[in-house]
Amino acid sequence: MKIYLVGGAVRDSLLKIPFEEKDWVVVGSSPEELSEQGYMPVGSQFPVFLHPTTKEEYALARTERKSGKGHKGFIFHTDPSVTLEEDLIRRDITINAIAQDSDGNLIDPYEGRKDINDRKIRKVSDAFKEDPLRVYRICRFEAKLHHLGFTIEEETLSSMKEIVLSGELETLPKERIWMETIKALNCESPDKYFKTLRTCGALKTLIKEDSLNIESLAVIKNKTINPEMRWAALLSNTKQIKDVNNEFNAPKTFMQLSEVLRHFTLFMSKVDFSPEKILSLLQTTDAFRRPERFMTAIDAFKLIKDSKGTINWSDLLSNLSSVRPSTNTKKGNEIAQDLKEKRLEAINKFIQ
């Protein structure tokens, strides 16, 4: 039995960038042998085990054969005769297909180190086209490595376009799409993720209206690492914002912040700062109950526009928080109208 470090840990080590996870491949072993040594099996598709101490993933070397549509449409084969090279050739790109043995020696049958030196993102083999999820993965690696000078090799980009035309992207679960998307939003160049999705045609298979504000994302990425603010900036011009959030399977907090920023962006574009418009904005964005979210949206807007703004929204909300309706006994509608009038009066006084 031989054990090799593989994948991202080897790649990032060669690039001298930080990494957290380590993945291992085991050659010349079996599920029974690993279980006897205390490794704990996980997953149902193929034999992956957790190390008894480190809890890192150890996968038996395997081959795979396309058996159906989607990123799960494969038949996997593992036994002690499967070689390291056979395991590595099934991986997506060459820089992820480098292994390292226990002595630190690198096994690189598909020239991943050369592609690291040449700053190329290149597929390992034509089997690349069998897994539609790889379109999103490659776009994510572009987001991760673009600042280091990496670009996608032309033949690999062509294969991505072929996957798009095959229709198999539509078989991907939304959860997996968001998994790649949130990783990209945390990368150094998240705008490249969406630009490459657009270039290869994947974006229009996912959303009907391609109004993503990639330019604003490019502006804000250097000013904040907050993925929710980056996502909100991306959707700041999107009319069908609920549909886009749903198609990407964005979590609730991402959806809500993007909607608040969208409302605020529209408000600022009309340059109408009347008390009525201000109150309508605050009510629409639920700013009275969620002032922190509202202020985060404003912070994002200021980062995008490089502006200090015209109203001190924090002070305004603080002033309005003490406004109460009259204590006289009134019906529900009358109380609401009275509170509205007092808030409008307070806003007018504030902006004067």
# chains A, B, ... in the order shown; residues from 1 in each chain; ligands from 1

call {"tool": "select_by_dssp", "arguments": {"residues": "region 112-312 of chain A", "states": "strand (DSSP E)", "output": "list in words"}}
result
Lys120, Ile121, Thr151 and Ile152 of chain A

call {"tool": "residues_around", "arguments": {"residues": "Asp286 (chain A)", "least_positions_apart": "3", "cutoff": "12 Å", "atoms": "only C-alpha atoms", "output": "MDAnalysis selection string"}}
result
chainID A and resid 256:257 259:260 263:264 279:283 289:295 317

call {"tool": "closest_residue", "arguments": {"among": "A:Leu261, A:Ile335, A:Leu88, A:Leu206", "to": "Thr296 (chain A)", "atoms": "only C-alpha atoms"}}
result
A:Leu261

call {"tool": "select_by_dssp", "arguments": {"residues": "region 160-349 of chain A", "states": "helix (DSSP H, G or I)", "output": "PyMOL selection string"}}
result
chain A and resi 160-166+168-171+174-185+190-200+203-206+214-220+227-234+241-248+252-270+275-284+291-305+313-320+332-349

call {"tool": "residues_around", "arguments": {"residues": "Ile241 (chain A)", "least_positions_apart": "4", "cutoff": "9 Å", "atoms": "only C-alpha atoms", "output": "PyMOL selection string"}}
result
chain A and resi 235-237+245-246+255+258-259+262

call {"tool": "decode", "arguments": {"residues": "region 150-161 of chain A", "atoms": "all heavy atoms", "output": "compact mmCIF listing (two decimals), in the first residue's frame"}}
result
# COMPACT_ATOMS: atom_id res chain seq x y z
N PHE A 150 -2.72 33.28 -14.41
CA PHE A 150 -3.24 32.07 -15.08
C PHE A 150 -4.35 32.43 -16.05
O PHE A 150 -5.17 33.32 -15.79
CB PHE A 150 -3.78 31.08 -14.04
CG PHE A 150 -2.74 30.21 -13.42
CD1 PHE A 150 -1.95 30.67 -12.37
CD2 PHE A 150 -2.54 28.91 -13.88
CE1 PHE A 150 -0.99 29.86 -11.79
CE2 PHE A 150 -1.58 28.10 -13.31
CZ PHE A 150 -0.79 28.57 -12.26
N THR A 151 -4.38 31.71 -17.17
CA THR A 151 -5.46 31.81 -18.14
C THR A 151 -5.86 30.40 -18.56
O THR A 151 -5.09 29.45 -18.42
CB THR A 151 -5.04 32.61 -19.39
OG1 THR A 151 -3.89 31.98 -19.99
CG2 THR A 151 -4.71 34.04 -19.04
N ILE A 152 -7.06 30.29 -19.10
CA ILE A 152 -7.56 28.98 -19.55
C ILE A 152 -7.05 28.70 -20.96
O ILE A 152 -7.21 29.54 -21.86
CB ILE A 152 -9.10 28.93 -19.52
CG1 ILE A 152 -9.61 29.21 -18.11
CG2 ILE A 152 -9.61 27.58 -20.01
CD1 ILE A 152 -11.11 29.37 -18.02
N GLU A 153 -6.47 27.54 -21.13
CA GLU A 153 -5.96 27.14 -22.45
C GLU A 153 -7.12 27.01 -23.43
O GLU A 153 -8.23 26.61 -23.06
CB GLU A 153 -5.21 25.80 -22.27
CG GLU A 153 -4.66 25.21 -23.54
CD GLU A 153 -5.26 23.85 -23.83
OE1 GLU A 153 -6.18 23.42 -23.10
OE2 GLU A 153 -4.82 23.23 -24.80
N GLU A 154 -6.88 27.38 -24.69
CA GLU A 154 -7.95 27.47 -25.68
C GLU A 154 -8.70 26.16 -25.88
O GLU A 154 -9.93 26.14 -25.99
CB GLU A 154 -7.39 27.95 -27.02
CG GLU A 154 -7.11 29.44 -27.08
CD GLU A 154 -8.37 30.27 -26.85
OE1 GLU A 154 -9.45 29.87 -27.35
OE2 GLU A 154 -8.28 31.30 -26.17
N GLU A 155 -7.99 25.05 -25.94
CA GLU A 155 -8.66 23.76 -26.16
C GLU A 155 -9.55 23.40 -24.97
O GLU A 155 -10.62 22.82 -25.15
CB GLU A 155 -7.61 22.66 -26.39
CG GLU A 155 -8.23 21.36 -26.85
CD GLU A 155 -7.19 20.31 -27.21
OE1 GLU A 155 -6.01 20.68 -27.44
OE2 GLU A 155 -7.55 19.12 -27.25
N THR A 156 -9.11 23.77 -23.79
CA THR A 156 -9.92 23.52 -22.60
C THR A 156 -11.18 24.37 -22.62
O THR A 156 -12.28 23.89 -22.30
CB THR A 156 -9.10 23.79 -21.33
OG1 THR A 156 -7.93 22.98 -21.33
CG2 THR A 156 -9.90 23.50 -20.07
N LEU A 157 -11.04 25.63 -23.02
CA LEU A 157 -12.20 26.51 -23.13
C LEU A 157 -13.17 25.98 -24.19
O LEU A 157 -14.39 26.04 -24.00
CB LEU A 157 -11.75 27.93 -23.48
CG LEU A 157 -12.85 28.99 -23.57
CD1 LEU A 157 -13.57 29.14 -22.23
CD2 LEU A 157 -12.25 30.34 -23.98
N SER A 158 -12.65 25.44 -25.27
CA SER A 158 -13.50 24.85 -26.31
C SER A 158 -14.28 23.66 -25.76
O SER A 158 -15.46 23.46 -26.08
CB SER A 158 -12.65 24.41 -27.51
OG SER A 158 -12.07 25.52 -28.14
N SER A 159 -13.62 22.85 -24.92
CA SER A 159 -14.31 21.71 -24.30
C SER A 159 -15.42 22.18 -23.37
O SER A 159 -16.48 21.55 -23.29
CB SER A 159 -13.30 20.86 -23.53
OG SER A 159 -12.40 20.22 -24.41
N MET A 160 -15.19 23.28 -22.68
CA MET A 160 -16.23 23.84 -21.82
C MET A 160 -17.44 24.26 -22.64
O MET A 160 -18.59 24.03 -22.25
CB MET A 160 -15.66 25.02 -21.04
CG MET A 160 -14.58 24.64 -20.03
SD MET A 160 -13.65 26.05 -19.40
CE MET A 160 -14.91 26.95 -18.51
N LYS A 161 -17.19 24.86 -23.80
CA LYS A 161 -18.29 25.27 -24.68
C LYS A 161 -19.05 24.06 -25.21
O LYS A 161 -20.28 24.11 -25.37
CB LYS A 161 -17.74 26.12 -25.83
CG LYS A 161 -17.18 27.47 -25.38
CD LYS A 161 -16.59 28.24 -26.55
CE LYS A 161 -16.05 29.60 -26.11
NZ LYS A 161 -15.45 30.36 -27.23
